[in-house]
Structures are given as structure tokens and as C-alpha cells.
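S.K.: Here's a structure for you.
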Amino acid sequence: MDQSNAPAAQAVTNLWLQLAALCTVPLIMVLGNSMLIPVLPDMGRVMGLSKATTGLAVTAFSLSAGIAIAVAGFLADRYGRKLVVVPSLLVYGLGGIVSGLAGWRMGPNGFAVVMAGRVIQGIGAAGTAPVAMAFVGDLFRGGSRVTALGIFEASNGLGKVISPILGALIGQVLVWWAVFFAYAVLAVPFALAVWFLTREPPRRKAPPAREYFGQVLTIFRRKGVALIACFWAGTVALFVLFGVLLFLSEHLETVHGIDGVPKGVRIMWPVLAMSATSFAAGLFLQRRGQLLKPAVVLGLALAIAGTVLIAFVRADWAFYAGLVVAGIGTGLQLPGLNNLITSSARTEQRAMITSVYGAVRFIGVAFGPPLYGALMRNGEALPFWFSAGVLATSLAATLFLIRPERLVEAEDEAGAEAQGPDRREGGGGRGEVAIPAWEPPANLPLGTRAPLH
């Protein structure tokens, strides 16, 4: 290797190592709901709860995260990403311990304390994945950002893939409340990985709070319609996904008598399709920025087709095929949406924008399971016709309201131009990849924050 290129190659290697550490954050965050879904029926039976009430365990987590997330975004923009992500992971684990102890020691009388632990977990979750997404946006730019965010979203999907099996396995081999302790077991090493393996790019000194919020409001005044359309599309995707997963968990157990690991394996397939598609879409879109919106549109169309197939054709093959098609559609949407949203703000306001996005996604997750639990009482087809209708509103908003050229901040456009004709987004230079947003000094060890300037 040319010695003159060694520092740059090492810098890029370090960036991808940092991305790997940051990808543990959405992976563990998504376990907060997905790993719990397979054991919710067991919890409901032990505690004498209805399906809708049992779904509140998901709602408590997601709603508290949605409320606390704006504070986490502000703190991350003001004091740094790591100083928010790492303590948040530890709080997330603490909430799991509270809920686990309630299920273990209080049994049928412990639902209120389980819910309190879920609220604590949600507050911790508020400072995890949305802030980590902003962190990824800081580290990568141009085409590399699309790829990095595709991998980031794929790690979220990977959590959804392994969590039903892991949750079902824990519930079958041990007991349903043991799932809560798994959160704490995973949170500590992942927090250490983020602390020691990542470092933040140099940042400008944070402005006064009044000026900061004025800058955030300016972003929404300039780009609010397109941003809200992006937020709606991301929210609907997860609202439908978690509602359908709850339906699938209940349907497999009550109609087919399938429980434990076999149920987890069946729940896995739609989220595996979503995760694999997110990863592939991130790679494909790296040099095809002009296809971000078409990818979102195609993903929504596939999700609608999958849900309509399930509602219209009453057969097992249609049920599973529709779930996989809908999972592929969801995976195709999210990398493009994530890139458009993270690119809509400069570094100084990015965590707040991604936190608002995270908040509405959490709210979508919060209301999906209880609403789908209520819809299930009126027939098996109704939840899927409802899903198709909600997804259709998202498709209309995407088609008519999202303008990618108006969303991308000038900072990112300048960065792409500075990379040169062969290295900017959409370039085609002899196998070269887009240069990331910054190259850390060779003498700055991993885990050290660069000074502000």
C-alpha cells in the first residue's frame, strides 16, 4: 500500500469501526419492544389482562420515549452525542431490572410496577437510537451517509429478527419476566463499546438556547412540509409493523397453537426481509441519490400490496407471502427516509431533528399494538385493510409533499462537491468510495473527543 495513503485508509477503517459500535444502539433499543412481543400473551395470562391492556406494556415504553426524546436531542446537540447515548443505555437497562423484579417478586400484582419500569426504559431509549442516528450523520456525508444509514437501519432490523426468537426462547426455557433482565445484560457492554470506540467530529461551540431553538424553528419553517411528510412515512411504517407483529404473535398462538421458539421463527421472517432489504438498499443507493424518493415510493407500494394480499386472500401462503412483501417494502423505505431527514439539518441541530423523527416513530410503535389488539376483535381481515389504508396516506404524502432537493442542507451539498468529481454522490470513479465527512487526526486515539472549535 502507498504509505502516503495509509493515514487516510486508517481513518476510514476507524470510521467503520465506530459505525459498528453505534449500530449496537438501535439493535438493543429495538429489543425493548420486539423481544417482549412473544411473551406478552404469557404476561397477560399470568396477570389477568386483556389483549389491549397487555399491549400497554409496549405503549408505556414507546410513549415515554416519545415524550422525553426532545430533551435528549437538545442535550446531544449541546453537550455531545456520547454524553447522552451512554447514560441513556444504562438507564434503559435499569428500567429492565425494575420490570423484571416486579414480574418475579410480585407476580399477578406487579403490573403497575412493570409499567413503571417500562417508562424508565422508555426515558432511557429516548437518548439512544435517534441520537446515534445523528452521530452517524455527523461521521458520514454524501453517498457514504446513505450506506451508513442503511447499515444502521439494518442493525435495527437485525434486532427485530433475533428478538422474537430470543424473547420466545427466554420465555420458554426460563419465564416471561426473564426477558426484562436481558436488557440490562446487553446494555452495559454496548454502552462501553460506544464510550471507548467512538469519537465525535470537531463541533462548533453551542449557541445560547434561545438561538439554538430559533435555528431549529427556521429549519421547520423552510422544510416543514417535506419533513413532516418524511416523519409521517417513517411513523406509519413502524406503526403498521408493530401492530402486525402483535397480530401475528396472537394469531399463531390462539389459532394455530404455535408458541415458544417455533412462534419466534415465524415472527422472524417479515423482519428478516426488512433488515436484509435495508442493508441492500443502503448499498444500492450510495451512488444513486436521485433514487431516494423512488425507493420510498416503491417500498410503500410493496407494503400496501402485501397487506392487501393478506386481507383479500384467506390462505396461509398469502398470509406469509404478504408479510414478507410488506417487510421488503418497509426495508426499502427507511434508508431513504433516514438519509433525507439527517441531511436536512447541519451538525449543530441534527440531533434535535433526528430526535423529533425518533419521537414520532416511537409514538407510531406505541399506538400500533393496542389499536391492532382492538381491531382483531372485529375479524382477521380488518387489521390488514386498515394497514393498507394508512399506508396509502403515507404514499400520497410522499408523492406530493417530499422534495429531496429542498431537504438536503447546503453543508452536505458542499461536502459532496468538495469530494471531487469521482467521489461525490453519484460519481463513478474507478471503484472509489465517497470520502466521509471528516478524517480524524492520526494521533487521536479511539474514545477521545476532539476539541470544540
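Labels for the C-alpha cells follow display order: chains A, B, ..., residues from 1 in each chain, ligands from 1.
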Could you name the residues that touch A:Thr347 at 8 Å or less, counting only C-alpha atoms, but leaving out those on the same chain fewer than 2 positions away, as a ChimeraX atom specification?
M.R.: /A:77,134,137-138,203,345,349-351
S.K.: Grab the residues selected above and save them as a PDB file, in the first residue's frame with N, CA, C and O atoms.
M.R.:
ATOM      1  N   ASP A  77     -27.189  17.850  21.087  1.00  0.00           N
ATOM      2  CA  ASP A  77     -26.656  18.943  20.273  1.00  0.00           C
ATOM      3  C   ASP A  77     -25.803  19.896  21.106  1.00  0.00           C
ATOM      4  O   ASP A  77     -24.850  20.495  20.593  1.00  0.00           O
ATOM      5  N   ALA A 134     -28.061  10.612  14.556  1.00  0.00           N
ATOM      6  CA  ALA A 134     -27.417  11.906  14.318  1.00  0.00           C
ATOM      7  C   ALA A 134     -25.901  11.758  14.323  1.00  0.00           C
ATOM      8  O   ALA A 134     -25.194  12.401  13.530  1.00  0.00           O
ATOM      9  N   GLY A 137     -24.863  10.496  11.095  1.00  0.00           N
ATOM     10  CA  GLY A 137     -24.941  11.604  10.139  1.00  0.00           C
ATOM     11  C   GLY A 137     -23.762  12.559  10.249  1.00  0.00           C
ATOM     12  O   GLY A 137     -23.337  13.151   9.253  1.00  0.00           O
ATOM     13  N   ASP A 138     -23.223  12.735  11.469  1.00  0.00           N
ATOM     14  CA  ASP A 138     -22.045  13.586  11.659  1.00  0.00           C
ATOM     15  C   ASP A 138     -20.802  12.971  11.019  1.00  0.00           C
ATOM     16  O   ASP A 138     -19.948  13.681  10.471  1.00  0.00           O
ATOM     17  N   ARG A 203     -16.770  20.094  16.671  1.00  0.00           N
ATOM     18  CA  ARG A 203     -18.053  20.784  16.595  1.00  0.00           C
ATOM     19  C   ARG A 203     -17.873  22.242  16.990  1.00  0.00           C
ATOM     20  O   ARG A 203     -17.007  22.586  17.785  1.00  0.00           O
ATOM     21  N   ALA A 345     -30.514  18.944   8.200  1.00  0.00           N
ATOM     22  CA  ALA A 345     -30.013  19.874   9.212  1.00  0.00           C
ATOM     23  C   ALA A 345     -28.497  19.792   9.287  1.00  0.00           C
ATOM     24  O   ALA A 345     -27.887  18.765   8.956  1.00  0.00           O
ATOM     25  N   GLN A 349     -27.757  21.177  14.721  1.00  0.00           N
ATOM     26  CA  GLN A 349     -29.178  20.953  15.014  1.00  0.00           C
ATOM     27  C   GLN A 349     -29.622  19.530  14.669  1.00  0.00           C
ATOM     28  O   GLN A 349     -30.780  19.183  14.841  1.00  0.00           O
ATOM     29  N   ARG A 350     -28.702  18.698  14.207  1.00  0.00           N
ATOM     30  CA  ARG A 350     -29.099  17.396  13.659  1.00  0.00           C
ATOM     31  C   ARG A 350     -29.737  16.480  14.694  1.00  0.00           C
ATOM     32  O   ARG A 350     -30.719  15.779  14.403  1.00  0.00           O
ATOM     33  N   ALA A 351     -29.206  16.459  15.918  1.00  0.00           N
ATOM     34  CA  ALA A 351     -29.758  15.545  16.916  1.00  0.00           C
ATOM     35  C   ALA A 351     -31.202  15.898  17.255  1.00  0.00           C
ATOM     36  O   ALA A 351     -32.016  15.014  17.516  1.00  0.00           O
TER      37      ALA A 351
END
S.K.: Compile the contact shell of A:Met29 as number ranges by chain: residues with an atom at most 9 Å away, counting only C-alpha atoms, same-chain residues fewer than 2 positions apart removed.
M.R.: A: 24-27, 31-33, 89, 92, 125, 128-129, 156, 159, 183
S.K.: Excluding A:Met376 and any residue of its chain fewer than 4 positions from it, enumerate the residues within 10 Å of it, using only C-alpha atoms, and give them as a PyMOL selection string.
M.R.: chain A and resi 51-52+247+250-251+370-372+380-384
S.K.: Mind dumping the selected residues with N, CA, C and O atoms as a short mmCIF file (atom, residue, chain, number, x, y, z; two decimals), in the first residue's frame?
M.R.:
data_model
loop_
_atom_site.label_atom_id
_atom_site.label_comp_id
_atom_site.auth_asym_id
_atom_site.auth_seq_id
_atom_site.Cartn_x
_atom_site.Cartn_y
_atom_site.Cartn_z
N LYS A 51 -56.12 -8.32 25.83
CA LYS A 51 -55.11 -8.10 24.81
C LYS A 51 -54.73 -6.63 24.71
O LYS A 51 -53.55 -6.27 24.58
N ALA A 52 -55.73 -5.74 24.74
CA ALA A 52 -55.45 -4.31 24.63
C ALA A 52 -54.63 -3.82 25.82
O ALA A 52 -53.71 -3.01 25.67
N PHE A 247 -50.36 -8.84 16.06
CA PHE A 247 -51.40 -9.71 15.46
C PHE A 247 -50.83 -11.09 15.19
O PHE A 247 -51.46 -12.11 15.49
N GLU A 250 -50.31 -13.20 18.42
CA GLU A 250 -51.58 -13.69 18.96
C GLU A 250 -52.19 -14.74 18.03
O GLU A 250 -52.71 -15.77 18.49
N HIS A 251 -52.14 -14.50 16.72
CA HIS A 251 -52.74 -15.40 15.74
C HIS A 251 -52.07 -16.77 15.78
O HIS A 251 -52.76 -17.81 15.76
N PRO A 370 -51.85 -1.73 20.80
CA PRO A 370 -53.20 -1.70 21.39
C PRO A 370 -54.31 -1.49 20.36
O PRO A 370 -55.39 -2.07 20.49
N LEU A 371 -54.05 -0.69 19.32
CA LEU A 371 -55.07 -0.47 18.31
C LEU A 371 -55.33 -1.75 17.50
O LEU A 371 -56.48 -2.12 17.24
N TYR A 372 -54.25 -2.43 17.14
CA TYR A 372 -54.42 -3.68 16.40
C TYR A 372 -55.07 -4.74 17.28
O TYR A 372 -55.83 -5.59 16.80
N GLU A 380 -60.17 -11.03 11.32
CA GLU A 380 -58.75 -11.08 10.99
C GLU A 380 -58.39 -10.23 9.79
O GLU A 380 -57.22 -9.85 9.63
N ALA A 381 -59.33 -9.93 8.91
CA ALA A 381 -59.01 -9.15 7.72
C ALA A 381 -58.94 -7.65 8.01
O ALA A 381 -58.18 -6.93 7.36
N LEU A 382 -59.74 -7.20 8.99
CA LEU A 382 -59.83 -5.76 9.25
C LEU A 382 -58.48 -5.10 9.53
O LEU A 382 -58.20 -4.02 8.99
N PRO A 383 -57.59 -5.68 10.37
CA PRO A 383 -56.31 -5.02 10.62
C PRO A 383 -55.50 -4.78 9.34
O PRO A 383 -54.78 -3.78 9.24
N PHE A 384 -55.64 -5.66 8.35
CA PHE A 384 -54.83 -5.52 7.14
C PHE A 384 -55.45 -4.54 6.15
O PHE A 384 -54.73 -3.83 5.45
#
S.K.: Give me, please, the distance in Å between atom CA of A:Gly364 and atom CA of A:Val119, quoted to one decimal.
M.R.: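 Computed distance, atom CA of A:Gly364 to atom CA of A:Val119, equals 16.3 Å.
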S.K.: Expressed in Å to a single decimal, how great is the separation between atom CA of A:Arg403 and atom CA of A:Lys223?
M.R.: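 Computing it gives 9.2 Å between the two atoms.
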S.K.: Go through stretch 306-389 of chain A residue by residue and, counting only C-alpha atoms, keep those with an atom at most 7 Å from stretch 228-235 of chain A; for each kept residue give the shortest atom pair and its distance in Å to one decimal, ordered by chain and increasing number, as CSV.
M.R.:
residue,atom,partner,partner_atom,distance
A:Leu334,CA,A:Gly234,CA,6.8
A:Leu337,CA,A:Cys230,CA,6.1
A:Tyr357,CA,A:Phe231,CA,5.7
A:Val360,CA,A:Thr235,CA,5.8
A:Arg361,CA,A:Thr235,CA,4.4
A:Gly364,CA,A:Thr235,CA,5.1
S.K.: Those residues you just picked out, can you put them in a file as a PDB file, in the first residue's frame with N, CA, C and O atoms?
M.R.:
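Below is the file again-v3.pdb, written as the result:
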ATOM      1  N   LEU A 334     -36.964   2.841   4.588  1.00  0.00           N
ATOM      2  CA  LEU A 334     -36.327   3.500   5.726  1.00  0.00           C
ATOM      3  C   LEU A 334     -34.953   4.107   5.444  1.00  0.00           C
ATOM      4  O   LEU A 334     -34.664   5.211   5.923  1.00  0.00           O
ATOM      5  N   LEU A 337     -35.589   7.511   3.766  1.00  0.00           N
ATOM      6  CA  LEU A 337     -36.177   8.471   4.712  1.00  0.00           C
ATOM      7  C   LEU A 337     -35.133   8.938   5.718  1.00  0.00           C
ATOM      8  O   LEU A 337     -35.027  10.131   6.019  1.00  0.00           O
ATOM      9  N   TYR A 357     -37.881  13.013  14.766  1.00  0.00           N
ATOM     10  CA  TYR A 357     -38.202  11.856  13.927  1.00  0.00           C
ATOM     11  C   TYR A 357     -38.343  10.602  14.782  1.00  0.00           C
ATOM     12  O   TYR A 357     -39.300   9.825  14.638  1.00  0.00           O
ATOM     13  N   VAL A 360     -41.730  10.629  16.782  1.00  0.00           N
ATOM     14  CA  VAL A 360     -42.946  10.227  16.080  1.00  0.00           C
ATOM     15  C   VAL A 360     -42.904   8.739  15.724  1.00  0.00           C
ATOM     16  O   VAL A 360     -43.939   8.071  15.693  1.00  0.00           O
ATOM     17  N   ARG A 361     -41.711   8.196  15.498  1.00  0.00           N
ATOM     18  CA  ARG A 361     -41.613   6.744  15.275  1.00  0.00           C
ATOM     19  C   ARG A 361     -41.996   5.991  16.534  1.00  0.00           C
ATOM     20  O   ARG A 361     -42.707   4.981  16.488  1.00  0.00           O
ATOM     21  N   GLY A 364     -45.699   6.015  16.880  1.00  0.00           N
ATOM     22  CA  GLY A 364     -46.292   5.020  15.995  1.00  0.00           C
ATOM     23  C   GLY A 364     -46.219   3.629  16.588  1.00  0.00           C
ATOM     24  O   GLY A 364     -47.198   2.864  16.560  1.00  0.00           O
TER      25      GLY A 364
END
S.K.: Could you pull the residues within 7 Å of A:Ala184, counting only C-alpha atoms, minus those fewer than 6 positions along the same chain, as a list in words?
M.R.: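 My list of contacting residues is Gly93, Leu94, Gly96 and Ile97 of chain A.
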S.K.: Extract the full set of alpha helix (DSSP H) residues from stretch 254-301 of chain A according to DSSP on the backbone, and format it as a ChimeraX atom specification.
M.R.: /A:254,260-284,292-301
S.K.: Taking 6 positions as the minimum chain separation for residues in the same chain, which residues sit within 10 Å of A:Leu248 when counting only C-alpha atoms? Answer as number ranges by chain.
M.R.: A: 37-38, 242, 254, 263, 266-267, 319-320, 323
S.K.: Show me, as a VMD selection string, the residues that have an atom within 12 Å of A:Gly73 when counting only C-alpha atoms, minus same-chain residues fewer than 4 positions from it.
M.R.: chain A and resid 65 to 69 77 to 85 88 125 to 135 212 to 213 216 347 to 359
S.K.: Output N, CA and C atoms for every residue in that selection, as a CSV table (one decimal), in the first residue's frame.
M.R.:
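Output contents, as saved in out.csv:
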chain,number,residue,atom,x,y,z
A,65,ALA,N,-40.7,7.3,25.7
A,65,ALA,CA,-39.6,7.7,24.9
A,65,ALA,C,-39.9,8.8,24.0
A,66,GLY,N,-41.1,8.8,23.4
A,66,GLY,CA,-41.5,9.9,22.5
A,66,GLY,C,-41.6,11.2,23.2
A,67,ILE,N,-42.0,11.2,24.5
A,67,ILE,CA,-42.1,12.5,25.2
A,67,ILE,C,-40.7,13.0,25.6
A,68,ALA,N,-39.8,12.1,26.1
A,68,ALA,CA,-38.5,12.5,26.6
A,68,ALA,C,-37.5,12.8,25.5
A,69,ILE,N,-37.8,12.4,24.3
A,69,ILE,CA,-36.8,12.4,23.2
A,69,ILE,C,-36.4,13.8,22.8
A,77,ASP,N,-27.2,17.8,21.1
A,77,ASP,CA,-26.7,18.9,20.3
A,77,ASP,C,-25.8,19.9,21.1
A,78,ARG,N,-26.1,20.0,22.4
A,78,ARG,CA,-25.4,21.0,23.2
A,78,ARG,C,-24.2,20.4,23.8
A,79,TYR,N,-24.2,19.2,24.3
A,79,TYR,CA,-23.1,18.6,25.1
A,79,TYR,C,-22.4,17.5,24.4
A,80,GLY,N,-22.9,17.0,23.3
A,80,GLY,CA,-22.3,15.9,22.6
A,80,GLY,C,-23.1,14.6,22.6
A,81,ARG,N,-22.8,13.8,21.6
A,81,ARG,CA,-23.6,12.6,21.4
A,81,ARG,C,-23.3,11.5,22.4
A,82,LYS,N,-22.1,11.3,22.7
A,82,LYS,CA,-21.7,10.2,23.6
A,82,LYS,C,-22.2,10.5,25.0
A,83,LEU,N,-22.2,11.7,25.5
A,83,LEU,CA,-22.6,12.1,26.8
A,83,LEU,C,-24.1,11.9,27.0
A,84,VAL,N,-24.8,11.7,26.0
A,84,VAL,CA,-26.2,11.3,26.1
A,84,VAL,C,-26.5,9.9,25.8
A,85,VAL,N,-25.8,9.3,24.8
A,85,VAL,CA,-26.1,7.9,24.4
A,85,VAL,C,-25.7,6.9,25.5
A,88,SER,N,-27.9,7.0,28.7
A,88,SER,CA,-29.2,6.5,28.3
A,88,SER,C,-29.3,5.0,28.2
A,125,ALA,N,-34.4,5.0,26.4
A,125,ALA,CA,-34.4,4.8,25.0
A,125,ALA,C,-34.4,6.1,24.2
A,126,ALA,N,-35.0,7.1,24.8
A,126,ALA,CA,-35.1,8.4,24.1
A,126,ALA,C,-33.7,8.9,23.7
A,127,GLY,N,-32.7,8.6,24.4
A,127,GLY,CA,-31.4,9.1,24.1
A,127,GLY,C,-30.5,8.1,23.4
A,128,THR,N,-31.1,7.1,22.9
A,128,THR,CA,-30.2,6.0,22.2
A,128,THR,C,-30.2,6.1,20.7
A,129,ALA,N,-31.1,5.4,20.1
A,129,ALA,CA,-31.1,5.3,18.6
A,129,ALA,C,-31.2,6.6,17.9
A,130,PRO,N,-32.1,7.5,18.2
A,130,PRO,CA,-32.2,8.8,17.5
A,130,PRO,C,-30.9,9.6,17.5
A,131,VAL,N,-30.3,9.7,18.7
A,131,VAL,CA,-29.1,10.4,18.9
A,131,VAL,C,-27.9,9.7,18.1
A,132,ALA,N,-27.9,8.4,18.2
A,132,ALA,CA,-26.9,7.6,17.5
A,132,ALA,C,-27.1,7.8,16.0
A,133,MET,N,-28.3,8.0,15.5
A,133,MET,CA,-28.5,8.3,14.1
A,133,MET,C,-27.9,9.6,13.7
A,134,ALA,N,-28.1,10.6,14.6
A,134,ALA,CA,-27.4,11.9,14.3
A,134,ALA,C,-25.9,11.8,14.3
A,135,PHE,N,-25.4,10.9,15.2
A,135,PHE,CA,-23.9,10.7,15.3
A,135,PHE,C,-23.4,10.1,14.0
A,212,TYR,N,-30.4,28.6,19.5
A,212,TYR,CA,-30.5,27.2,19.1
A,212,TYR,C,-31.9,26.8,18.7
A,213,PHE,N,-32.9,27.1,19.5
A,213,PHE,CA,-34.3,26.8,19.2
A,213,PHE,C,-34.8,27.6,18.0
A,216,VAL,N,-33.6,25.8,15.0
A,216,VAL,CA,-34.4,24.6,14.7
A,216,VAL,C,-35.8,25.0,14.1
A,347,THR,N,-24.9,19.9,11.5
A,347,THR,CA,-24.5,19.1,12.7
A,347,THR,C,-25.0,19.7,14.0
A,348,GLU,N,-25.1,21.0,14.1
A,348,GLU,CA,-25.4,21.7,15.3
A,348,GLU,C,-26.9,21.5,15.7
A,349,GLN,N,-27.8,21.2,14.7
A,349,GLN,CA,-29.2,21.0,15.0
A,349,GLN,C,-29.6,19.5,14.7
A,350,ARG,N,-28.7,18.7,14.2
A,350,ARG,CA,-29.1,17.4,13.7
A,350,ARG,C,-29.7,16.5,14.7
A,351,ALA,N,-29.2,16.5,15.9
A,351,ALA,CA,-29.8,15.5,16.9
A,351,ALA,C,-31.2,15.9,17.3
A,352,MET,N,-31.5,17.2,17.3
A,352,MET,CA,-32.9,17.6,17.5
A,352,MET,C,-33.8,17.1,16.4
A,353,ILE,N,-33.4,17.2,15.2
A,353,ILE,CA,-34.3,16.8,14.0
A,353,ILE,C,-34.4,15.3,14.1
A,354,THR,N,-33.3,14.5,14.3
A,354,THR,CA,-33.5,13.1,14.3
A,354,THR,C,-34.3,12.6,15.5
A,355,SER,N,-34.2,13.4,16.6
A,355,SER,CA,-34.9,13.1,17.8
A,355,SER,C,-36.4,13.3,17.6
A,356,VAL,N,-36.8,14.4,16.9
A,356,VAL,CA,-38.2,14.6,16.6
A,356,VAL,C,-38.7,13.4,15.7
A,357,TYR,N,-37.9,13.0,14.8
A,357,TYR,CA,-38.2,11.9,13.9
A,357,TYR,C,-38.3,10.6,14.8
A,358,GLY,N,-37.4,10.4,15.7
A,358,GLY,CA,-37.5,9.3,16.6
A,358,GLY,C,-38.7,9.3,17.5
A,359,ALA,N,-39.1,10.5,17.9
A,359,ALA,CA,-40.3,10.7,18.7
A,359,ALA,C,-41.6,10.2,18.0
S.K.: Measuring between only C-alpha atoms, which one of A:Gly117, A:Gly373, A:Gly331, A:Pro164 shows the shortest distance to A:Phe152?
M.R.: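 The closest residue to A:Phe152 is A:Gly331.
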S.K.: Tell me which of A:Leu166, A:Phe181, A:Gly55, A:Leu22 sits closest to A:Ser99, counting only C-alpha atoms.
M.R.: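 The answer is A:Phe181, which sits nearest to A:Ser99.
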